[in-house]
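Below is one structure, written out as structure tokens; the observations come after it.
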Amino acid sequence: MALARREFDAVVVGAGGSGMRAALELAEANLRVAVLSKVFPTRSHTVAAQGGVAASLGNVAEDNWHWHMYDTVKGSDYLGDQDAIEFMCRTAPEVVYELEHFGMPFDRTPDGRIYQRPFGGHMQNYGRNPVERACAAADRTGHAMLHTLYQRNVRAGTQFFVEWIALDLLRDAEGEVLGVVAMEIETGEVLIFQAHATLLATGGAGRIFASSTNAFINTGDGLGMVARAGLPLQDMEFFQFHPTGVYGAGVLITEGVRGEGGFLLNKNGERFMERYAPTAKDLASRDVVSRAMATEIKEGRGAGKDADHILLKLDHLGAEVIHKRLPGIRDIAIKFSNVDPVKDPIPVVPTAHYMMGGIPTNYHGQVVVPDGRGGDQVVRGLYAAGECACVSVHGANRLGCNSLLDLLVFGRAAGRRVISDLREEPHKPLPSDAADRPLARLARLETQKAGESVAEVSAEMRRVMQTHCGVFRFPDSLAEGVKKILTVAERAQRTGIQDKSKVFNTARVEALEVDNLIEVALATMISAEARKESRGAHDRSDYPKRDDANWMKHTLWYKEGNRLAYKPVKAKPLTVEPFEPKTRVY
Ligand SMILES: Cc1cc2nc3c(=O)[nH]c(=O)nc-3n(C[C@H](O)[C@H](O)[C@H](O)COP(=O)(O)OP(=O)(O)OC[C@H]3O[C@@H](n4cnc5c(N)ncnc54)[C@H](O)[C@@H]3O)c2cc1C
């Protein structure tokens, strides 16, 4: 089938914070840029970010980027690349002020500066005591950020393709990426978007788990496209569980609640974090708090009739603080757990939240693969930024508020790199088989009779991931998980849909999304089973310690043959001395 084709200088897949920050850079440089999104741009998951964006502005207490960098390296459990982490923390104040000047409605301190609150793992003086580093707009920071970036993009003339789903990358024989094939959800029309630069900004894939804070659209599409194109996915075993998802619903209660002074209690009313993290207490980093909560529950000190959750107390902050700084949280608690936090504690459990791994990139946003000599080689024409990318600044565990920062820093950097890489030349001819893969996927759904049910396959995938690859990981359970997820992946190749209509056929969209979720689930389970240590979010009962001698390296998973490879961590920063690995205590 010959597909219609449109040409652009750059195509950005994803209109969340990272995609829109990158697109803004491109549109302001007068490039022809297309931004594709499955949903209206301001409905991207970035809109749900509550707590804030990290930057060492020092508006409330003394701070500097060296401390921020130290916290991020330590938070990553020494798996983060120190060149990229230095770049991010050093650039943070600049991109946050830039956002302020774009019109972002931050909360203010009494003297008119950007308001900052404490957040988990962000400390003063190389880990001494918590510091106010999260720049916040009440508990709706992502909402404010996304709207600000959208409005700037409209002004700059970015062309949005709303309710378009990108299906697969186009590559030529040399491996250069020439654009994407995408489908318009409203009409079912399939189109080639050809571009000199393709930038993936498709966000996370929390939907591989049964209990998740992520939006339904967070299905790891960019990762699926990359895996099918023969490129690796990096560090996929590291999935962050957020300590405070609403019990039963999974909806997020921001760490900002603890930043404002809330704390966790077990069924005895004990503030147990004092035992696990004597200095940072409830503001220790997320992996530490999630494990402490899971331990309390496992040892029978959970709250409720089934002793299966923890209580988050904030009534002592007073109604005024809750109304002013945490209004959205109060709404969520009332809606999803029927509790008014002004009076009673909120029941919470650790919930899948953030994917530390992703598409391997350098700190310019270029997608990289190993060059066979221990270094990196750039994939021409392909860039990635935001949660779908693994730069890697978050290593084995991300600090709260470092993701919104990552979107701004690396969205902008990737945009700038696209501009400097761009050559004045006509678009290359497309190989005749360029669109074969996505067309075959669509054709299968078209012709498949009596296929596997998409809903059943995806529910089984979520169950397997939740049971076998959760907060605590056990060797037998992981091995069984690998077997089960391989079976689910096999079933996923035979999914079919009853409704073959074209117009707004969400069944077809869901079937295409499940293809992507499955790649992410496979990569996560197989990488986790292979990593024989505990580091950051990856906690194994049979290897309870971090093992720097054997495992201070990044995992690469390839779809072809479910193969794993490893590459070294970049331990050398750009301008400062490296932070040497130490035992992590909070
Ligand atoms: C509830 C919640 C609260 C959070 N709070 C914070 C916080 O306070 N601070 C912080 O730093 N981080 C926070 N995070 C993490 C952070 O918000 C996310 O990591 C970040 O917003 C992801 O942004 P993104 O630009 O990578 O992708 P997203 O914002 O997820 O956007 C992805 C975009 O890609 C598009 N897309 C995906 N697939 C396709 C496809 N196939 N074709 C076309 N378009 C596609 C989508 O339509 C969407 O526009 C939070 C996360 C959650 C879930």
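Starting from 1 in every chain, residues are counted up; chains themselves are A, B, ... following the order of the structure tokens, and ligands are numbered from 1 as listed.
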Open item on the list: Write out as a VMD selection string the set of residues from region 378-523 of chain A that DSSP, computed on the backbone, places in strand (DSSP E or B).
Closed with: chain A and resid 378 to 384 389 to 390 452 to 453 473 495 to 496
Open item on the list: Show me, as a ChimeraX atom specification, the residues that have an atom within 8 Å of Ala229 (chain A) when counting only C-alpha atoms, minus same-chain residues fewer than 2 positions from it.
Closed with: /A:168-169,171,225-227,231
Write the residues of the selection above to a file with N, CA and C atoms, as a PDB file, in the first residue's frame.
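Output file selection.pdb is given in full below:
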ATOM      1  N   ASP A 168       5.364   3.345  14.210  1.00  0.00           N
ATOM      2  CA  ASP A 168       6.713   2.800  14.111  1.00  0.00           C
ATOM      3  C   ASP A 168       7.650   3.799  13.464  1.00  0.00           C
ATOM      4  N   LEU A 169       8.954   3.569  13.700  1.00  0.00           N
ATOM      5  CA  LEU A 169       9.982   4.425  13.102  1.00  0.00           C
ATOM      6  C   LEU A 169      10.230   3.987  11.666  1.00  0.00           C
ATOM      7  N   ARG A 171      13.307   3.627   9.083  1.00  0.00           N
ATOM      8  CA  ARG A 171      14.778   3.656   9.027  1.00  0.00           C
ATOM      9  C   ARG A 171      15.226   3.250   7.640  1.00  0.00           C
ATOM     10  N   MET A 225       8.471   1.272  19.802  1.00  0.00           N
ATOM     11  CA  MET A 225       8.949   1.602  18.442  1.00  0.00           C
ATOM     12  C   MET A 225      10.449   1.380  18.333  1.00  0.00           C
ATOM     13  N   VAL A 226      11.171   1.804  19.351  1.00  0.00           N
ATOM     14  CA  VAL A 226      12.629   1.663  19.351  1.00  0.00           C
ATOM     15  C   VAL A 226      13.023   0.188  19.401  1.00  0.00           C
ATOM     16  N   ALA A 227      12.344  -0.583  20.251  1.00  0.00           N
ATOM     17  CA  ALA A 227      12.671  -2.005  20.373  1.00  0.00           C
ATOM     18  C   ALA A 227      12.423  -2.728  19.058  1.00  0.00           C
ATOM     19  N   LEU A 231      16.744  -1.396  18.191  1.00  0.00           N
ATOM     20  CA  LEU A 231      17.602  -0.638  19.104  1.00  0.00           C
ATOM     21  C   LEU A 231      17.348  -1.090  20.542  1.00  0.00           C
TER      22      LEU A 231
END
Against region 233-248 of chain A, which residues of region 375-442 of chain A fall within 7 Å? For each one I want the closest pair of atoms and the distance in Å (one decimal), counting only C-alpha atoms, rows by chain and increasing residue number, as JSON lines.
{"residue": "A:Cys390", "atom": "CA", "partner": "A:Gln234", "partner_atom": "CA", "distance": 6.6}
{"residue": "A:Ala396", "atom": "CA", "partner": "A:Phe238", "partner_atom": "CA", "distance": 5.5}
{"residue": "A:Asn397", "atom": "CA", "partner": "A:Gln240", "partner_atom": "CA", "distance": 6.5}
- [ ] List every residue of region 214-291 of chain A that DSSP, applied to the backbone of this structure, assigns to helix (DSSP H, G or I), and report them as a PyMOL selection string.
- [x] chain A and resi 221-228+256-259+273-276+281-283+286-291
Residues just named, written with N, CA and C atoms as a JSON list (two decimals), in the first residue's frame:
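The resulting file, result12.json, is reproduced below:
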[["chain", "number", "residue", "atom", "x", "y", "z"],
["A", 221, "ASP", "N", 4.95, 3.80, 24.21],
["A", 221, "ASP", "CA", 4.94, 3.65, 22.75],
["A", 221, "ASP", "C", 6.32, 3.90, 22.12],
["A", 222, "GLY", "N", 7.01, 4.92, 22.61],
["A", 222, "GLY", "CA", 8.33, 5.23, 22.05],
["A", 222, "GLY", "C", 9.29, 4.06, 22.25],
["A", 223, "LEU", "N", 9.17, 3.41, 23.41],
["A", 223, "LEU", "CA", 10.06, 2.28, 23.70],
["A", 223, "LEU", "C", 9.73, 1.10, 22.80],
["A", 224, "GLY", "N", 8.45, 0.88, 22.57],
["A", 224, "GLY", "CA", 8.05, -0.20, 21.67],
["A", 224, "GLY", "C", 8.59, 0.04, 20.27],
["A", 225, "MET", "N", 8.47, 1.27, 19.80],
["A", 225, "MET", "CA", 8.95, 1.60, 18.44],
["A", 225, "MET", "C", 10.45, 1.38, 18.33],
["A", 226, "VAL", "N", 11.17, 1.80, 19.35],
["A", 226, "VAL", "CA", 12.63, 1.66, 19.35],
["A", 226, "VAL", "C", 13.02, 0.19, 19.40],
["A", 227, "ALA", "N", 12.34, -0.58, 20.25],
["A", 227, "ALA", "CA", 12.67, -2.01, 20.37],
["A", 227, "ALA", "C", 12.42, -2.73, 19.06],
["A", 228, "ARG", "N", 11.28, -2.42, 18.42],
["A", 228, "ARG", "CA", 10.98, -3.08, 17.14],
["A", 228, "ARG", "C", 11.94, -2.67, 16.04],
["A", 256, "GLY", "N", 5.06, 16.16, 48.19],
["A", 256, "GLY", "CA", 4.94, 17.51, 48.72],
["A", 256, "GLY", "C", 4.15, 17.53, 50.02],
["A", 257, "VAL", "N", 3.27, 16.55, 50.22],
["A", 257, "VAL", "CA", 2.52, 16.47, 51.48],
["A", 257, "VAL", "C", 3.50, 16.27, 52.64],
["A", 258, "ARG", "N", 4.47, 15.37, 52.42],
["A", 258, "ARG", "CA", 5.49, 15.17, 53.45],
["A", 258, "ARG", "C", 6.45, 16.35, 53.48],
["A", 259, "GLY", "N", 6.69, 16.98, 52.30],
["A", 259, "GLY", "CA", 7.51, 18.19, 52.25],
["A", 259, "GLY", "C", 6.91, 19.31, 53.10],
["A", 273, "MET", "N", 9.19, 5.84, 60.10],
["A", 273, "MET", "CA", 10.33, 6.23, 59.26],
["A", 273, "MET", "C", 11.52, 6.66, 60.11],
["A", 274, "GLU", "N", 11.27, 7.04, 61.35],
["A", 274, "GLU", "CA", 12.38, 7.41, 62.24],
["A", 274, "GLU", "C", 13.33, 6.24, 62.46],
["A", 275, "ARG", "N", 12.79, 5.01, 62.36],
["A", 275, "ARG", "CA", 13.64, 3.83, 62.54],
["A", 275, "ARG", "C", 14.47, 3.53, 61.29],
["A", 276, "TYR", "N", 13.88, 3.79, 60.11],
["A", 276, "TYR", "CA", 14.55, 3.41, 58.85],
["A", 276, "TYR", "C", 15.50, 4.50, 58.34],
["A", 281, "LYS", "N", 14.09, 10.94, 57.69],
["A", 281, "LYS", "CA", 12.78, 10.40, 58.10],
["A", 281, "LYS", "C", 11.84, 10.23, 56.89],
["A", 282, "ASP", "N", 10.67, 10.88, 56.93],
["A", 282, "ASP", "CA", 9.68, 10.71, 55.86],
["A", 282, "ASP", "C", 10.14, 11.31, 54.53],
["A", 283, "LEU", "N", 11.24, 12.06, 54.57],
["A", 283, "LEU", "CA", 11.75, 12.66, 53.33],
["A", 283, "LEU", "C", 12.98, 11.93, 52.81],
["A", 286, "ARG", "N", 12.68, 7.77, 47.59],
["A", 286, "ARG", "CA", 11.44, 7.00, 47.43],
["A", 286, "ARG", "C", 11.60, 5.50, 47.61],
["A", 287, "ASP", "N", 12.72, 4.97, 47.07],
["A", 287, "ASP", "CA", 12.92, 3.53, 47.21],
["A", 287, "ASP", "C", 12.99, 3.16, 48.69],
["A", 288, "VAL", "N", 13.67, 4.00, 49.48],
["A", 288, "VAL", "CA", 13.84, 3.73, 50.91],
["A", 288, "VAL", "C", 12.48, 3.76, 51.63],
["A", 289, "VAL", "N", 11.68, 4.77, 51.35],
["A", 289, "VAL", "CA", 10.38, 4.90, 52.03],
["A", 289, "VAL", "C", 9.42, 3.78, 51.59],
["A", 290, "SER", "N", 9.42, 3.47, 50.28],
["A", 290, "SER", "CA", 8.53, 2.40, 49.79],
["A", 290, "SER", "C", 8.86, 1.07, 50.44],
["A", 291, "ARG", "N", 10.16, 0.78, 50.55],
["A", 291, "ARG", "CA", 10.56, -0.50, 51.16],
["A", 291, "ARG", "C", 10.21, -0.53, 52.64]]
- [ ] Point out the residue among A:Asp308, A:Glu163, A:Glu480, A:Asp315 with the least atom-to-atom distance to ligand 1, counting only C-alpha atoms and all ligand atoms.
- [x] A:Glu163
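Between CA of Glu560 (chain A) and CA of Pro232 (chain A) lies a distance of 9.4 Å.
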Task: Shell around Ala450 (chain A) at 9 Å using only C-alpha atoms, local window under 4 positions removed, as a count of residues only - done: 4
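Checking A:Ala134, A:Val35, A:Val12, A:Leu26 one by one against Gly52 (chain A), counting only C-alpha atoms, you find the shortest gap at A:Ala134.
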Which residues, written as a PDB file with all heavy atoms, in the first residue's frame, have at least one atom at most 6 Å from Leu407 (chain A), with only C-alpha atoms counted and residues fewer than 3 positions away on the same chain left out?
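Printed below is result_18.pdb as written:
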ATOM      1  N   GLY A  17       5.625  17.640  28.727  1.00  0.00           N
ATOM      2  CA  GLY A  17       6.593  18.695  29.031  1.00  0.00           C
ATOM      3  C   GLY A  17       7.836  18.611  28.156  1.00  0.00           C
ATOM      4  O   GLY A  17       8.311  19.634  27.640  1.00  0.00           O
ATOM      5  N   SER A  18       8.369  17.415  27.951  1.00  0.00           N
ATOM      6  CA  SER A  18       9.623  17.298  27.203  1.00  0.00           C
ATOM      7  C   SER A  18       9.408  17.580  25.722  1.00  0.00           C
ATOM      8  O   SER A  18      10.173  18.319  25.104  1.00  0.00           O
ATOM      9  CB  SER A  18      10.221  15.905  27.389  1.00  0.00           C
ATOM     10  OG  SER A  18       9.321  14.919  26.923  1.00  0.00           O
ATOM     11  N   GLY A 386      12.765  13.256  28.012  1.00  0.00           N
ATOM     12  CA  GLY A 386      11.680  13.051  28.971  1.00  0.00           C
ATOM     13  C   GLY A 386      11.714  11.640  29.531  1.00  0.00           C
ATOM     14  O   GLY A 386      12.719  10.944  29.463  1.00  0.00           O
ATOM     15  N   LEU A 404      10.418  16.650  36.203  1.00  0.00           N
ATOM     16  CA  LEU A 404      10.004  17.879  35.511  1.00  0.00           C
ATOM     17  C   LEU A 404      11.245  18.657  35.096  1.00  0.00           C
ATOM     18  O   LEU A 404      11.286  19.277  34.029  1.00  0.00           O
ATOM     19  CB  LEU A 404       9.095  18.728  36.410  1.00  0.00           C
ATOM     20  CG  LEU A 404       7.699  18.168  36.692  1.00  0.00           C
ATOM     21  CD1 LEU A 404       6.848  19.199  37.439  1.00  0.00           C
ATOM     22  CD2 LEU A 404       6.976  17.752  35.421  1.00  0.00           C
ATOM     23  N   PHE A 410      16.522  18.520  29.220  1.00  0.00           N
ATOM     24  CA  PHE A 410      16.857  17.689  28.066  1.00  0.00           C
ATOM     25  C   PHE A 410      15.904  17.906  26.886  1.00  0.00           C
ATOM     26  O   PHE A 410      16.269  17.659  25.745  1.00  0.00           O
ATOM     27  CB  PHE A 410      16.967  16.216  28.481  1.00  0.00           C
ATOM     28  CG  PHE A 410      18.105  16.015  29.459  1.00  0.00           C
ATOM     29  CD1 PHE A 410      17.852  15.759  30.801  1.00  0.00           C
ATOM     30  CD2 PHE A 410      19.421  16.140  29.040  1.00  0.00           C
ATOM     31  CE1 PHE A 410      18.893  15.615  31.712  1.00  0.00           C
ATOM     32  CE2 PHE A 410      20.475  16.003  29.947  1.00  0.00           C
ATOM     33  CZ  PHE A 410      20.206  15.735  31.283  1.00  0.00           C
ATOM     34  N   GLY A 411      14.701  18.398  27.141  1.00  0.00           N
ATOM     35  CA  GLY A 411      13.833  18.825  26.040  1.00  0.00           C
ATOM     36  C   GLY A 411      14.521  19.953  25.281  1.00  0.00           C
ATOM     37  O   GLY A 411      14.654  19.911  24.051  1.00  0.00           O
TER      38      GLY A 411
END
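Closest to Val177 (chain A) among A:Leu31, A:Leu430, A:Leu522, A:Ala352 is A:Leu430, based on only C-alpha atoms.
The residue set within 9 Å of Pro475 (chain A), counting only C-alpha atoms and dropping same-chain residues fewer than 3 places from it, reads A:Leu478, A:Ala479, A:Glu480, A:Glu529, A:Arg540, A:Ser541, A:Asp542.
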TODO: Mind checking which residues fall within 10 Å of Phe472 (chain A), counting only C-alpha atoms, ignoring those fewer than 2 positions away in the same chain, and posting them as a PyMOL selection string?
DONE: chain A and resi 290-291+294-295+467-470+474+534+537-541
Output file for the selection above: C-alpha atoms, as a PDB file, in the first residue's frame:
ATOM      1  CA  SER A 290       8.527   2.403  49.786  1.00  0.00           C
ATOM      2  CA  ARG A 291      10.562  -0.497  51.160  1.00  0.00           C
ATOM      3  CA  ALA A 294       6.249  -2.643  52.470  1.00  0.00           C
ATOM      4  CA  THR A 295       8.245  -4.026  55.409  1.00  0.00           C
ATOM      5  CA  THR A 467       3.169 -10.127  41.317  1.00  0.00           C
ATOM      6  CA  HIS A 468       6.643 -10.991  40.070  1.00  0.00           C
ATOM      7  CA  CYS A 469       8.418  -7.656  39.652  1.00  0.00           C
ATOM      8  CA  GLY A 470       7.179  -5.383  42.475  1.00  0.00           C
ATOM      9  CA  PHE A 474      12.457 -12.860  44.957  1.00  0.00           C
ATOM     10  CA  SER A 534      19.997  -4.746  45.076  1.00  0.00           C
ATOM     11  CA  ALA A 537      14.419   0.566  43.129  1.00  0.00           C
ATOM     12  CA  HIS A 538      15.625  -2.965  42.316  1.00  0.00           C
ATOM     13  CA  ASP A 539      15.534  -4.967  45.562  1.00  0.00           C
ATOM     14  CA  ARG A 540      16.316  -8.708  45.519  1.00  0.00           C
ATOM     15  CA  SER A 541      15.927 -10.907  48.551  1.00  0.00           C
TER      16      SER A 541
END
Long-range neighbours of Val457 (chain A) as an mmCIF file with N, CA, C and O atoms, in the first residue's frame, 9 Å cut-off, only C-alpha atoms, 5 positions minimum in chain:
data_model
loop_
_atom_site.group_PDB
_atom_site.id
_atom_site.type_symbol
_atom_site.label_atom_id
_atom_site.label_comp_id
_atom_site.auth_asym_id
_atom_site.auth_seq_id
_atom_site.Cartn_x
_atom_site.Cartn_y
_atom_site.Cartn_z
ATOM 1 N N GLU A 452 -6.648 -13.447 20.263
ATOM 2 C CA GLU A 452 -6.664 -13.267 21.717
ATOM 3 C C GLU A 452 -7.308 -11.926 22.055
ATOM 4 O O GLU A 452 -7.114 -10.942 21.337
ATOM 5 N N ARG A 462 -0.328 -7.172 33.357
ATOM 6 C CA ARG A 462 -0.275 -6.334 34.551
ATOM 7 C C ARG A 462 -0.197 -7.177 35.821
ATOM 8 O O ARG A 462 0.526 -6.849 36.759
ATOM 9 N N VAL A 488 2.851 -14.491 27.884
ATOM 10 C CA VAL A 488 1.932 -13.382 27.590
ATOM 11 C C VAL A 488 2.350 -12.710 26.281
ATOM 12 O O VAL A 488 1.501 -12.372 25.433
ATOM 13 N N ALA A 489 3.673 -12.533 26.092
ATOM 14 C CA ALA A 489 4.172 -11.859 24.879
ATOM 15 C C ALA A 489 3.797 -12.661 23.637
ATOM 16 O O ALA A 489 3.467 -12.111 22.589
ATOM 17 N N ARG A 491 1.190 -14.642 23.404
ATOM 18 C CA ARG A 491 -0.250 -14.432 23.177
ATOM 19 C C ARG A 491 -0.505 -13.077 22.517
ATOM 20 O O ARG A 491 -1.403 -12.939 21.692
ATOM 21 N N ALA A 492 0.297 -12.088 22.916
ATOM 22 C CA ALA A 492 0.074 -10.727 22.403
ATOM 23 C C ALA A 492 0.289 -10.649 20.894
ATOM 24 O O ALA A 492 -0.215 -9.742 20.236
ATOM 25 N N THR A 495 -3.234 -11.056 19.185
ATOM 26 C CA THR A 495 -4.420 -10.299 19.593
ATOM 27 C C THR A 495 -5.251 -9.927 18.366
ATOM 28 O O THR A 495 -4.705 -9.702 17.287
ATOM 29 N N VAL A 514 -0.930 -2.186 23.331
ATOM 30 C CA VAL A 514 -0.505 -3.399 24.044
ATOM 31 C C VAL A 514 0.785 -3.954 23.441
ATOM 32 O O VAL A 514 1.667 -4.436 24.158
#
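Taking only C-alpha atoms and all ligand atoms into account, ligand 1 lies nearest to A:Glu255 out of the set A:Glu255, A:Glu270, A:Glu296, A:Asp306.
Proximity to Phe193 (chain A) was assessed for A:Ala210, A:Cys135, A:Leu3, A:Ile526 counting only C-alpha atoms; the smallest distance is recorded for A:Leu3.
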